[in-house]
Every structure is written in C-alpha cells, then in structure tokens.
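Coordinates from start11.txt are shown below (compact mmCIF, C-alpha atoms and all ligand atoms).
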```txt
# COMPACT_ATOMS: atom_id res chain seq x y z
CA MET A 46 -105.05 301.37 -21.45
CA GLY A 47 -101.91 299.56 -20.27
CA LEU A 48 -101.34 295.85 -20.70
CA ASP A 49 -101.92 295.42 -16.96
CA ASP A 50 -105.53 296.54 -17.38
CA LEU A 51 -106.33 293.76 -19.77
CA ALA A 52 -107.26 291.17 -17.17
CA VAL A 53 -110.74 292.72 -17.04
CA GLU A 54 -111.39 291.43 -20.55
CA LYS A 55 -110.73 287.89 -19.40
CA LYS A 56 -109.92 286.31 -22.72
CA ARG A 57 -109.34 282.59 -22.27
CA VAL A 58 -105.83 281.35 -23.09
CA VAL A 59 -105.19 277.62 -22.98
CA VAL A 60 -101.60 276.35 -22.91
CA ILE A 61 -101.09 272.66 -23.68
CA GLY A 62 -97.87 271.25 -22.22
CA GLY A 63 -96.16 272.36 -19.02
CA GLY A 64 -92.49 271.93 -19.91
CA ALA A 65 -89.87 274.68 -20.27
CA ALA A 66 -91.90 276.48 -22.93
CA GLY A 67 -95.50 276.05 -21.74
CA SER A 68 -94.79 276.77 -18.07
CA LEU A 69 -93.14 280.10 -18.87
CA ALA A 70 -95.86 281.06 -21.37
CA ALA A 71 -98.60 280.34 -18.81
CA LYS A 72 -96.69 282.18 -16.07
CA THR A 73 -96.17 285.23 -18.30
CA LEU A 74 -99.83 285.38 -19.37
CA GLN A 75 -101.57 284.65 -16.07
CA ASN A 76 -102.00 288.33 -15.17
CA TYR A 77 -103.45 289.23 -18.55
CA ALA A 78 -105.97 286.52 -19.28
CA ASP A 79 -107.91 283.60 -17.88
CA VAL A 80 -105.13 281.03 -18.31
CA TYR A 81 -105.58 277.24 -18.32
CA LEU A 82 -102.48 275.06 -18.33
CA ILE A 83 -103.14 271.50 -19.47
CA ASP A 84 -100.22 269.19 -18.69
CA THR A 85 -99.95 265.43 -18.30
CA LYS A 86 -98.63 265.97 -14.78
CA GLU A 87 -99.15 268.32 -11.83
CA TYR A 88 -95.61 269.65 -11.92
CA PHE A 89 -93.00 271.18 -14.19
CA GLU A 90 -89.77 269.20 -14.28
CA ILE A 91 -86.52 270.92 -15.19
CA THR A 92 -85.55 268.19 -17.65
CA TRP A 93 -81.87 268.94 -17.70
CA ALA A 94 -81.61 268.30 -13.95
CA SER A 95 -83.19 264.85 -14.08
CA LEU A 96 -80.00 262.81 -14.29
CA ARG A 97 -78.57 264.45 -11.15
CA SER A 98 -81.75 263.43 -9.33
CA MET A 99 -80.96 259.79 -10.09
CA VAL A 100 -77.71 259.93 -8.12
CA GLU A 101 -78.96 262.51 -5.59
CA PRO A 102 -82.74 262.13 -5.18
CA SER A 103 -83.10 265.18 -2.91
CA PHE A 104 -81.93 267.37 -5.83
CA ALA A 105 -85.39 266.83 -7.34
CA ARG A 106 -87.04 268.76 -4.50
CA ARG A 107 -85.97 271.93 -6.33
CA SER A 108 -86.17 270.75 -9.92
CA LEU A 109 -89.73 269.42 -9.66
CA ILE A 110 -92.05 272.40 -9.27
CA ASN A 111 -95.78 272.02 -8.81
CA HIS A 112 -97.48 274.14 -11.46
CA VAL A 113 -99.69 275.80 -8.81
CA GLU A 114 -96.55 277.24 -7.16
CA TYR A 115 -95.81 279.61 -10.03
CA LEU A 116 -99.35 279.85 -11.42
CA PRO A 117 -101.39 281.29 -8.54
CA LYS A 118 -103.72 283.03 -10.98
CA ALA A 119 -104.13 280.28 -13.55
CA HIS A 120 -106.06 277.01 -13.67
CA VAL A 121 -103.97 273.84 -13.78
CA VAL A 122 -105.56 270.84 -15.45
CA ALA A 123 -103.39 267.74 -14.99
CA THR A 124 -104.47 265.58 -17.89
CA THR A 125 -103.72 264.78 -21.51
CA ALA A 126 -105.12 266.77 -24.42
CA VAL A 127 -106.39 264.34 -27.04
CA ASP A 128 -108.26 266.45 -29.58
CA LEU A 129 -108.68 270.03 -30.74
CA THR A 130 -111.20 272.14 -32.59
CA ASP A 131 -110.85 275.78 -33.59
CA SER A 132 -112.27 276.82 -30.22
CA GLU A 133 -111.91 273.92 -27.77
CA VAL A 134 -109.44 271.38 -26.40
CA LEU A 135 -110.70 267.91 -25.55
CA THR A 136 -109.03 266.13 -22.64
CA THR A 137 -108.70 262.40 -22.16
CA GLU A 138 -111.59 262.40 -19.63
CA GLY A 139 -113.90 264.00 -22.19
CA ARG A 140 -113.72 267.53 -20.76
CA MET A 141 -113.91 270.38 -23.29
CA VAL A 142 -111.81 273.44 -22.44
CA ALA A 143 -112.77 276.45 -24.56
CA TYR A 144 -110.15 278.94 -25.70
CA ASP A 145 -109.84 282.31 -27.37
CA TYR A 146 -106.10 281.79 -27.81
CA LEU A 147 -104.21 278.54 -27.71
CA VAL A 148 -100.51 277.84 -27.14
CA ILE A 149 -99.29 274.36 -28.09
CA ALA A 150 -96.12 273.43 -26.19
CA THR A 151 -96.26 269.64 -26.04
CA GLY A 152 -92.54 269.08 -26.63
CA HIS A 153 -91.89 265.43 -25.85
CA MET A 154 -94.47 263.14 -24.36
CA GLY A 155 -93.91 262.72 -20.63
CA ASP A 156 -94.39 259.18 -19.40
CA GLY A 157 -93.57 259.76 -15.76
CA PRO A 158 -95.74 259.86 -12.65
CA SER A 159 -98.39 262.55 -12.43
CA THR A 160 -97.56 263.90 -8.95
CA LYS A 161 -94.39 265.39 -7.50
CA ALA A 162 -94.48 262.97 -4.55
CA GLU A 163 -94.58 260.00 -6.91
CA LYS A 164 -91.72 261.41 -8.96
CA LEU A 165 -89.60 261.92 -5.82
CA ASN A 166 -90.23 258.27 -4.94
CA TYR A 167 -89.26 257.29 -8.47
CA TYR A 168 -85.87 259.05 -8.09
CA GLN A 169 -85.35 257.38 -4.72
CA ALA A 170 -85.94 253.98 -6.33
CA GLU A 171 -83.62 254.80 -9.25
CA HIS A 172 -80.94 255.86 -6.78
CA GLU A 173 -81.29 252.58 -4.87
CA LYS A 174 -81.06 250.68 -8.14
CA ILE A 175 -77.77 252.44 -8.94
CA SER A 176 -76.28 252.18 -5.47
CA SER A 177 -77.06 248.48 -5.09
CA ALA A 178 -75.57 247.53 -8.48
CA ASN A 179 -71.93 246.74 -9.13
CA SER A 180 -72.27 247.06 -12.88
CA ILE A 181 -74.62 249.27 -14.89
CA LEU A 182 -75.56 249.29 -18.56
CA ILE A 183 -76.69 252.56 -20.16
CA ILE A 184 -78.40 252.36 -23.52
CA GLY A 185 -78.18 255.49 -25.65
CA GLY A 186 -75.36 257.94 -26.31
CA GLY A 187 -77.34 261.15 -26.68
CA PRO A 188 -77.38 263.83 -23.96
CA THR A 189 -79.41 261.70 -21.53
CA GLY A 190 -77.12 258.65 -21.73
CA VAL A 191 -73.93 260.71 -21.62
CA GLU A 192 -75.12 262.82 -18.67
CA LEU A 193 -76.27 259.75 -16.74
CA ALA A 194 -72.96 257.99 -17.38
CA GLY A 195 -71.16 261.14 -16.19
CA GLU A 196 -73.22 261.38 -13.00
CA ILE A 197 -72.65 257.72 -12.10
CA ALA A 198 -68.95 257.76 -13.02
CA VAL A 199 -68.34 260.76 -10.75
CA ASP A 200 -70.57 259.84 -7.79
CA PHE A 201 -69.93 256.07 -7.91
CA PRO A 202 -66.42 255.70 -9.35
CA ASP A 203 -66.22 252.05 -8.28
CA LYS A 204 -69.16 250.92 -10.40
CA LYS A 205 -68.52 249.35 -13.77
CA VAL A 206 -70.45 251.47 -16.28
CA THR A 207 -70.98 250.42 -19.90
CA LEU A 208 -72.65 252.71 -22.42
CA VAL A 209 -73.94 251.21 -25.67
CA HIS A 210 -74.91 253.49 -28.53
CA ARG A 211 -76.34 252.47 -31.87
CA GLY A 212 -74.81 255.47 -33.69
CA SER A 213 -71.20 255.84 -34.75
CA ARG A 214 -70.50 258.63 -32.28
CA LEU A 215 -71.83 260.20 -29.09
CA LEU A 216 -73.96 263.37 -28.92
CA GLU A 217 -75.09 263.30 -32.53
CA PHE A 218 -77.31 266.37 -31.96
CA ILE A 219 -74.19 268.57 -31.83
CA GLY A 220 -70.80 268.62 -33.54
CA GLU A 221 -68.40 265.72 -33.91
CA ARG A 222 -65.75 267.35 -31.73
CA ALA A 223 -68.16 267.52 -28.80
CA GLY A 224 -68.96 263.82 -29.23
CA LYS A 225 -65.25 262.95 -29.30
CA LYS A 226 -64.47 265.03 -26.21
CA ALA A 227 -67.35 263.41 -24.31
CA LEU A 228 -66.08 259.98 -25.40
CA ASP A 229 -62.54 260.73 -24.22
CA TRP A 230 -63.84 262.07 -20.92
CA LEU A 231 -66.00 258.98 -20.30
CA ILE A 232 -63.12 256.65 -21.15
CA SER A 233 -60.90 258.60 -18.74
CA LYS A 234 -63.46 257.78 -16.03
CA ASN A 235 -63.36 254.06 -16.90
CA VAL A 236 -66.73 254.04 -18.64
CA GLU A 237 -66.73 251.43 -21.39
CA VAL A 238 -68.33 252.93 -24.51
CA ILE A 239 -69.53 250.62 -27.28
CA LEU A 240 -70.49 252.44 -30.47
CA GLY A 241 -72.34 251.18 -33.53
CA GLN A 242 -74.20 248.46 -31.62
CA SER A 243 -77.47 248.04 -29.78
CA ALA A 244 -78.21 245.91 -26.74
CA ASN A 245 -80.89 243.23 -26.79
CA LEU A 246 -83.08 243.90 -23.77
CA ASN A 247 -85.38 240.95 -24.38
CA ASP A 248 -82.61 238.50 -23.65
CA ASN A 249 -80.74 239.51 -20.51
CA SER A 250 -80.93 236.44 -18.37
CA ASN A 251 -78.72 236.54 -15.26
CA GLY A 252 -77.53 240.04 -16.08
CA VAL A 253 -75.89 239.09 -19.36
CA TYR A 254 -76.91 241.22 -22.32
CA GLN A 255 -76.19 240.45 -25.98
CA THR A 256 -75.31 243.24 -28.39
CA SER A 257 -76.32 243.37 -32.05
CA ALA A 258 -72.73 242.41 -32.96
CA GLY A 259 -72.85 239.34 -30.70
CA GLU A 260 -70.80 240.79 -27.83
CA THR A 261 -71.89 240.14 -24.27
CA ILE A 262 -72.15 242.75 -21.53
CA GLU A 263 -72.56 241.84 -17.88
CA ALA A 264 -74.61 244.30 -15.86
CA ASP A 265 -76.71 244.15 -12.71
CA CYS A 266 -79.18 246.69 -14.13
CA HIS A 267 -79.78 248.87 -17.15
CA PHE A 268 -81.16 252.31 -17.97
CA ILE A 269 -82.75 253.16 -21.30
CA CYS A 270 -81.73 256.68 -22.32
CA ILE A 271 -83.19 256.96 -25.79
CA GLY A 272 -84.70 260.29 -26.87
CA LYS A 273 -88.49 260.43 -26.91
CA PRO A 274 -90.31 261.44 -30.09
CA VAL A 275 -92.06 264.82 -30.18
CA ALA A 276 -95.59 264.74 -28.83
CA SER A 277 -97.48 265.62 -32.01
CA SER A 278 -99.03 262.35 -33.16
CA TRP A 279 -102.31 263.27 -31.43
CA LEU A 280 -102.37 266.57 -33.35
CA LYS A 281 -102.21 264.78 -36.70
CA LYS A 282 -105.63 263.29 -36.07
CA THR A 283 -107.21 266.70 -35.40
CA THR A 284 -108.21 269.65 -37.58
CA PHE A 285 -104.60 270.74 -37.00
CA GLY A 286 -103.27 267.73 -38.90
CA ASP A 287 -102.27 269.87 -41.90
CA SER A 288 -100.09 271.99 -39.63
CA VAL A 289 -97.85 269.04 -38.73
CA ASP A 290 -95.01 268.34 -41.19
CA VAL A 291 -93.70 264.94 -42.31
CA HIS A 292 -91.23 264.90 -39.41
CA GLY A 293 -94.04 265.39 -36.90
CA LYS A 294 -93.10 269.00 -36.25
CA LEU A 295 -95.73 271.69 -35.78
CA MET A 296 -95.27 274.31 -38.48
CA VAL A 297 -95.14 277.89 -37.19
CA ASP A 298 -94.58 281.28 -38.82
CA ALA A 299 -92.22 284.06 -37.78
CA ASN A 300 -94.75 285.24 -35.15
CA LEU A 301 -94.84 281.64 -33.83
CA ARG A 302 -98.43 281.20 -34.97
CA VAL A 303 -99.36 277.73 -36.13
CA LYS A 304 -99.70 277.52 -39.90
CA GLY A 305 -103.30 278.25 -40.89
CA HIS A 306 -104.46 279.36 -37.42
CA LYS A 307 -104.43 283.04 -36.41
CA ASN A 308 -105.16 282.53 -32.71
CA VAL A 309 -102.96 279.48 -32.10
CA PHE A 310 -99.26 279.55 -31.25
CA GLY A 311 -96.67 276.78 -31.27
CA ILE A 312 -93.55 276.92 -29.09
CA GLY A 313 -90.70 274.74 -27.88
CA ASP A 314 -89.36 271.41 -29.13
CA VAL A 315 -92.60 270.43 -30.90
CA THR A 316 -92.17 273.17 -33.51
CA ASP A 317 -90.41 273.12 -36.88
CA ILE A 318 -88.25 276.15 -35.99
CA PRO A 319 -84.92 275.38 -37.71
CA GLU A 320 -82.55 275.46 -34.74
CA LEU A 321 -81.14 273.16 -32.06
CA LYS A 322 -83.86 271.98 -29.67
CA GLN A 323 -82.84 273.58 -26.40
CA GLY A 324 -84.78 274.65 -23.32
CA TYR A 325 -83.39 278.17 -23.22
CA LEU A 326 -84.63 278.67 -26.80
CA ALA A 327 -88.02 277.16 -25.90
CA GLU A 328 -88.19 279.80 -23.14
CA GLN A 329 -87.51 282.54 -25.68
CA HIS A 330 -90.33 281.18 -27.87
CA ALA A 331 -92.61 281.34 -24.82
CA LEU A 332 -91.84 285.02 -24.25
CA VAL A 333 -92.43 285.92 -27.92
CA ALA A 334 -95.72 283.98 -28.08
CA ALA A 335 -96.90 285.45 -24.77
CA LYS A 336 -96.12 288.94 -26.01
CA ASN A 337 -98.08 288.29 -29.21
CA VAL A 338 -101.06 286.86 -27.35
CA LYS A 339 -101.13 290.03 -25.22
CA LEU A 340 -100.96 292.23 -28.33
CA LEU A 341 -103.81 290.32 -30.00
CA ILE A 342 -105.92 290.53 -26.84
CA LYS A 343 -105.29 294.25 -26.87
CA GLY A 344 -106.55 294.38 -30.47
CA GLU A 345 -103.23 295.53 -31.92
CA ASN A 346 -102.60 295.45 -35.65
CA GLU A 347 -101.05 292.14 -36.68
CA LYS A 348 -98.14 294.01 -38.19
CA ARG A 349 -97.06 294.88 -34.67
CA LEU A 350 -96.64 291.26 -33.63
CA ALA A 351 -93.16 290.28 -32.44
CA THR A 352 -91.13 287.95 -34.64
CA TYR A 353 -88.82 285.16 -33.59
CA LYS A 354 -85.48 284.73 -35.33
CA PRO A 355 -84.21 281.14 -35.17
CA ALA A 356 -80.84 280.79 -33.46
CA SER A 357 -78.39 280.17 -36.30
CA SER A 358 -75.77 278.64 -34.02
CA ALA A 359 -77.05 277.60 -30.64
CA LEU A 360 -75.16 276.94 -27.44
CA ALA A 361 -75.26 273.45 -25.98
CA PHE A 362 -73.90 272.21 -22.65
CA VAL A 363 -73.78 268.55 -21.70
CA SER A 364 -72.80 268.01 -18.09
CA LEU A 365 -70.19 265.43 -17.15
CA GLY A 366 -70.80 264.89 -13.48
CA ARG A 367 -70.86 267.64 -10.87
CA ARG A 368 -67.95 269.82 -12.01
CA GLU A 369 -67.24 269.26 -15.67
CA ALA A 370 -69.10 269.52 -18.96
CA VAL A 371 -68.62 269.57 -22.69
CA ALA A 372 -69.91 272.67 -24.43
CA GLN A 373 -70.41 273.76 -27.98
CA ILE A 374 -70.33 277.53 -28.06
CA PHE A 375 -70.83 278.68 -31.64
CA CYS A 376 -67.87 277.06 -33.46
CA ILE A 377 -65.83 276.35 -30.32
CA THR A 378 -66.00 273.08 -28.38
CA ILE A 379 -64.60 272.89 -24.87
CA VAL A 380 -64.57 270.24 -22.20
CA GLY A 381 -63.72 270.36 -18.50
CA ARG A 382 -64.12 272.67 -15.51
CA LEU A 383 -64.82 275.88 -17.43
CA PRO A 384 -68.08 274.79 -19.12
CA GLY A 385 -68.79 272.81 -15.96
CA LEU A 386 -68.78 276.07 -13.97
CA ILE A 387 -71.67 277.27 -16.14
CA LYS A 388 -73.90 274.20 -16.02
CA SER A 389 -72.84 271.30 -13.89
CA GLY A 390 -73.05 272.59 -10.32
CA ASP A 391 -76.66 273.72 -10.14
CA LEU A 392 -77.76 272.61 -13.65
CA PHE A 393 -79.52 275.98 -14.13
CA VAL A 394 -82.11 275.02 -11.50
CA GLY A 395 -81.86 278.24 -9.48
CA LYS A 396 -81.99 280.32 -12.65
CA THR A 397 -85.03 278.47 -13.97
CA ARG A 398 -86.86 278.73 -10.64
CA LYS A 399 -86.19 282.48 -10.51
CA GLN A 400 -87.52 282.86 -14.05
CA LEU A 401 -90.79 281.41 -12.79
CA GLY A 402 -90.84 283.95 -9.96
CA LEU A 403 -89.76 281.43 -7.28
CA SER A 404 -86.86 281.50 -4.85
CA SER A 405 -83.77 279.60 -5.91
CA ASN A 406 -84.14 277.21 -2.96
CA VAL A 407 -87.00 275.37 -1.31
CA ASN A 408 -87.54 275.40 2.47
C1 LIG B 501 -80.33 265.23 -20.88
C2 LIG B 501 -80.78 266.54 -21.42
C3 LIG B 501 -80.08 267.68 -21.08
C4 LIG B 501 -80.48 268.91 -21.58
N1 LIG B 501 -79.76 270.01 -21.22
C5 LIG B 501 -80.20 271.23 -21.62
C6 LIG B 501 -79.50 272.40 -21.19
O1 LIG B 501 -78.51 272.35 -20.48
N2 LIG B 501 -79.97 273.60 -21.61
C7 LIG B 501 -81.08 273.70 -22.41
O2 LIG B 501 -81.46 274.83 -22.75
N3 LIG B 501 -81.75 272.61 -22.86
C8 LIG B 501 -81.34 271.39 -22.47
N4 LIG B 501 -82.01 270.26 -22.90
C9 LIG B 501 -83.14 270.41 -23.84
C10 LIG B 501 -84.44 270.77 -23.13
O3 LIG B 501 -84.71 269.81 -22.13
C11 LIG B 501 -85.62 270.83 -24.10
O4 LIG B 501 -85.29 271.63 -25.20
C12 LIG B 501 -86.83 271.43 -23.40
O5 LIG B 501 -87.21 270.59 -22.32
C13 LIG B 501 -88.01 271.60 -24.36
O6 LIG B 501 -89.08 272.15 -23.66
P1 LIG B 501 -90.58 272.00 -24.19
O7 LIG B 501 -91.43 272.78 -23.21
O8 LIG B 501 -90.69 272.33 -25.62
O9 LIG B 501 -90.93 270.44 -24.09
P2 LIG B 501 -90.91 269.44 -22.87
O10 LIG B 501 -89.91 269.84 -21.84
O11 LIG B 501 -90.78 268.11 -23.51
O12 LIG B 501 -92.36 269.57 -22.19
C14 LIG B 501 -93.53 269.16 -22.84
C15 LIG B 501 -94.63 268.98 -21.81
O13 LIG B 501 -95.86 268.75 -22.51
C16 LIG B 501 -96.54 267.64 -21.93
N5 LIG B 501 -97.42 267.06 -22.94
C17 LIG B 501 -97.07 266.40 -24.08
N6 LIG B 501 -98.16 266.04 -24.75
C18 LIG B 501 -99.23 266.48 -24.04
C19 LIG B 501 -100.64 266.40 -24.24
N7 LIG B 501 -101.19 265.80 -25.32
N8 LIG B 501 -101.46 266.93 -23.28
C20 LIG B 501 -100.94 267.54 -22.19
N9 LIG B 501 -99.61 267.65 -21.96
C21 LIG B 501 -98.76 267.13 -22.89
C22 LIG B 501 -95.41 266.72 -21.48
O14 LIG B 501 -95.84 265.82 -20.48
C23 LIG B 501 -94.41 267.76 -20.93
O15 LIG B 501 -94.73 268.11 -19.59
C24 LIG B 501 -81.63 269.00 -22.43
C25 LIG B 501 -82.34 267.86 -22.76
C26 LIG B 501 -81.91 266.63 -22.27
C27 LIG B 501 -82.71 265.40 -22.64
```

Any chance you could give the structure as structure tokens?
Amino acid sequence: MGLDDLAVEKKRVVVIGGGAAGSLAAKTLQNYADVYLIDTKEYFEITWASLRSMVEPSFARRSLINHVEYLPKAHVVATTAVDLTDSEVLTTEGRMVAYDYLVIATGHMGDGPSTKAEKLNYYQAEHEKISSANSILIIGGGPTGVELAGEIAVDFPDKKVTLVHRGSRLLEFIGERAGKKALDWLISKNVEVILGQSANLNDNSNGVYQTSAGETIEADCHFICIGKPVASSWLKKTTFGDSVDVHGKLMVDANLRVKGHKNVFGIGDVTDIPELKQGYLAEQHALVAAKNVKLLIKGENEKRLATYKPASSALAFVSLGRREAVAQIFCITIVGRLPGLIKSGDLFVGKTRKQLGLSSNVN
C-alpha cells in the first residue's frame, strides 16, 4: 500500500496554529488524513512580509492567504485552542475536537483581526497613519522595528523617523556585526537611533515622548515593535504542562514528538529546538513532523521515523527597505544590494505561496 492510499483510513490529525509551520504541516497532511487546522484567524500571514504591507497595503493581498485556499481537503476552525487532553482539543467556544495525532505549532500568539478583509483594512489604516505623519517613533530594535524603520526610510525619505531600543545594540537575535551594519545603514538614511533607553508611552501628550533617560522625542505617531512571547502559556495549564520548559518552550525529541507524548508533535518557534527561530526552519520542522505522522498512520516501526537535526548556524536576512538587507550567512555578515536581492524585493512571498501549492500572484 502506498502512502497515497492511506486516506481511506481517515485518521484524524489536528494542527494547532496556522503560521509558517502549522500551515505547511496541514497542507502536507491533507491528502493522507482527516486534517483539522485550528488557528486564531481565518488566514495564514507571511509574517516577514508584514512591514512592507504597512507602507504598501496592497502587498498584503498576496501575503495574507485564507487557509481554505491551500487546504481544500482539510477543515479550518478559526478559533483559539484553550485546553488539551490526550485525545481532544478544547476551543474557546467549548468545542471538543478529537484527534489521533496532534501537531502543536502555536509559535507566537497572534493578536490581529480574524479575517483577511479586516487585516487588509488594518494595513490601509497603518499606511494612512504613516503617510499623514511628519515624524514617527518606532519602539523596538529587533527585526520588526528595524524592518519597519527601513521600509519607512526608503518609501518616505522626508519623514523624521526615530527608533528607540532598550538594548545596547540592534538585532540582538543575531551577531553584533549585523546589528552594527543595520545601525550604520539606518543612520545613513537619517533615522535617529537611540539605544539603551525605553520610551514612556503613558505620557506622550502633544506628541512629546519621554525616554527612560529623560530625553524627549517629538513624534506624530508611534509603532510598538516588540517581539511577542511564544504562545505556550495555555499549554502549561493542561496535561501537557510538564512538556513546557522554564522558558515556555515546548520540549520535543529528535523526531519532533512532544516529550512524553507519542502521538503529539511540536514544530516551529514554540519548540525548544536549539537553533535560531526562523520561518524557513519552522517549515522544515513541518515537513519532518508530517512525514512522521504519515509513517505512524501507516503503522511503521518507530525506528523508521525521520529525525530533525537543529541548524547549527542558521541564515538570517533582515530587509532594509525594498532593495537592501543585512544578512548573516554562517559566519559572514553582509549589508546592501546583494542580500537585498535575495529577500527585499518580494520578501519570499512568491516562494512561500508556491510551497503551499498556490500561484505566486493573485488575480
Ligand atoms: C520582522 C520579522 C522578519 C522575519 N524574517 C524572516 C525571514 O526573512 N525568513 C525566515 O525564515 N523567518 C523570518 N522571521 C521569523 C519567522 O517569522 C518565524 O520564525 C515564523 O513565523 C515562525 O512560524 P511558526 O508557525 O512557528 O509561528 P507563527 O508564525 O507565530 O504562527 C503561529 C500561529 O499560531 C496561532 N496560535 C497561537 N496560539 C494559538 C492557540 N492557542 N490556538 C490557535 N491558534 C494559535 C497564531 O495566531 C499564529 O497564527 C521573521 C520574523 C520577524 C518578526
């Protein structure tokens, strides 16, 4: 019997979380099992394209993808999972979704609108906020803050952009040289970067913000670009609580099975896999977990399960506007047009859409 024949067995696979990892896992498994995707929203958002959508709202028409578009054979349940047992997932409305196999891919908690139309409106409003302001304050110097500053500096060079970051350097998730090159690039575009301080958002009367060091920043609007925590706090209160480590990460083994659970997999940013948290790695987790779910459905010996080897030195690209980027490629750090050619034009949107079986463009 080939793997394609397995659909007749109709084992139930539930995937929680429809980000980079969960969407690909559900897509890969939909022909082999009765797949349910539970996600807080009706669509998958290509996270790394979100800052472009703030300066060019129509960009989001391609980077927001309704789950039903790539999951014609699966069930999409747009809600929040709040509890788990060894055989069922409880949703916030009190619905129990039974599973034979479970894939947990909750990454970071999404707090955005639940429909694509609402999210498109959100980007339109963010764009109007940017275009109507003369001065803009960005809070946070991680990838989100740096990419947003880059997008605004390139598309709106006349705006006064200030970026405030509590840490001593930008892009602390990758090497120091990358942070320095991003800093130099932003300064070259007239972005004012204030390091080692935070901005007080509770006291910004008349567009004047105070920093923790007592400096004042004048800005017509602000954007908070602080990384969200991983979405595992709900898991701690379940029977899976022992599988969450002190950092809130879901502990998985080399087969990507959640510690202590033979039929449950963990993939993506929510896991404790010791490597940089990157979407392209989350996608690789999804393929390994999907392969293992198929093998288990087929009744294969556990020894045949695929293993995942953490990336010892991951690649990271941070876009700097439409043409340039800073990249850390193993031990090399480069900034400018060359890394920009790889990421900054299309922000991997066409590639990601194709991976989900969709055309690169929308009509
Ligand atoms: C600015 C920026 C740029 C980046 N650039 C790149 C890049 O160029 N290349 C790259 O590879 N990576 C990049 N990354 C990293 C990449 O975005 C993440 O590694 C990737 O999104 C992780 O995917 P995930 O599926 O694990 O989690 P997420 O993308 O966070 O998805 C998790 C999903 O689960 C849902 N969810 C959470 N809790 C629940 C629940 N209880 N019930 C139901 N649903 C739930 C969330 O709403 C969300 O939809 C970038 C990140 C940022 C912030």

One decimal, Å: what's the distance from atom CA of A:Gly224 over to atom CA of A:Ala105, could you say?
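If I compute the distance from atom CA of A:Gly224 to atom CA of A:Ala105, I get 27.5 Å.
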
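If you count all atoms listed in the file and ignore residues fewer than 6 places along the chain from A:Gly187, what sits within 9 Å of it is His210, Leu215, Leu216, Glu217, Phe218, Cys270, Ile271 and Gly272 of chain A.
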
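Checking A:Val407, A:Arg349, A:Trp279, A:Gly286 one by one against A:Thr136, counting all atoms listed in the file, you find the shortest gap at A:Trp279.
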
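With distances taken over all atoms listed in the file, A:Arg368 is the one residue among A:Lys72, A:Arg368, A:Lys348, A:Lys273 lying closest to A:Gly385.
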
Residue neighbourhood A:Leu350, 12 Å, all atoms listed in the file, exclusion window fewer than 5 positions, as a ChimeraX atom specification
/A:298-302,307,333-345

From the options A:Pro102, A:Gly241, A:Pro117, A:Gly64, which residue's atoms come nearest to A:Lys164, counting all atoms listed in the file?
A:Pro102

Contacts of A:Gly185 at 8 Å (only C-alpha atoms; same-chain gap of 4+ positions) as a PyMOL selection string:
chain A and resi 189-191+208-211+269-271

Name each residue within 6 Å of ligand LIG 501 (chain B), counting only C-alpha atoms and all ligand atoms, as a ChimeraX atom specification.
/A:61-67,83-85,92-93,124-127,150-155,188-189,276,313-315,322-325,327,362

Given the choices A:Lys205, A:Gln373, A:Glu192, A:Asn247, which gets closest to A:Leu228 if the distance is worked out from all atoms listed in the file?
A:Glu192

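Once all atoms listed in the file are considered, the residues situated within 7 Å of the file point (-78.8, 245.4, -10.1) turn out to be Lys174, Ser177, Ala178, Asp265 and Cys266 of chain A.
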
Looking at A:Leu116, A:Ile374, A:Ala123, A:Val59, which one is nearest to A:Lys86, with distances taken over all atoms listed in the file?
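Ranked by minimum distance to A:Lys86, first place goes to A:Ala123.
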
Measure the distance from atom CA of A:Lys161 to atom CA of A:Tyr88 in Å and round it to one decimal.
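Atom-to-atom, atom CA of A:Lys161 and atom CA of A:Tyr88 are spaced 6.3 Å apart.
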
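For the pair atom CA of A:Ile91 and atom CA of A:Glu173, the separation is 21.7 Å.
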
Of A:Thr283, A:Thr73, A:Asn235, A:Ser243, the one sitting nearest A:Leu135 when using only C-alpha atoms is A:Thr283

May I have the protein, DNA and RNA residues with an atom at most 8 Å from (-97.9, 270.5, -35.5), counting all atoms listed in the file in the file's coordinates, returned as a PyMOL selection string?
chain A and resi 277+280-281+285-290+293-296+303+311+315-316

Write out as a ChimeraX atom specification each polymer residue whose atoms come within 10 Å of A:Gln400, counting only C-alpha atoms; drop sequence neighbours fewer than 5 positions from it.
/A:69,72-73,115,328,394-395,405
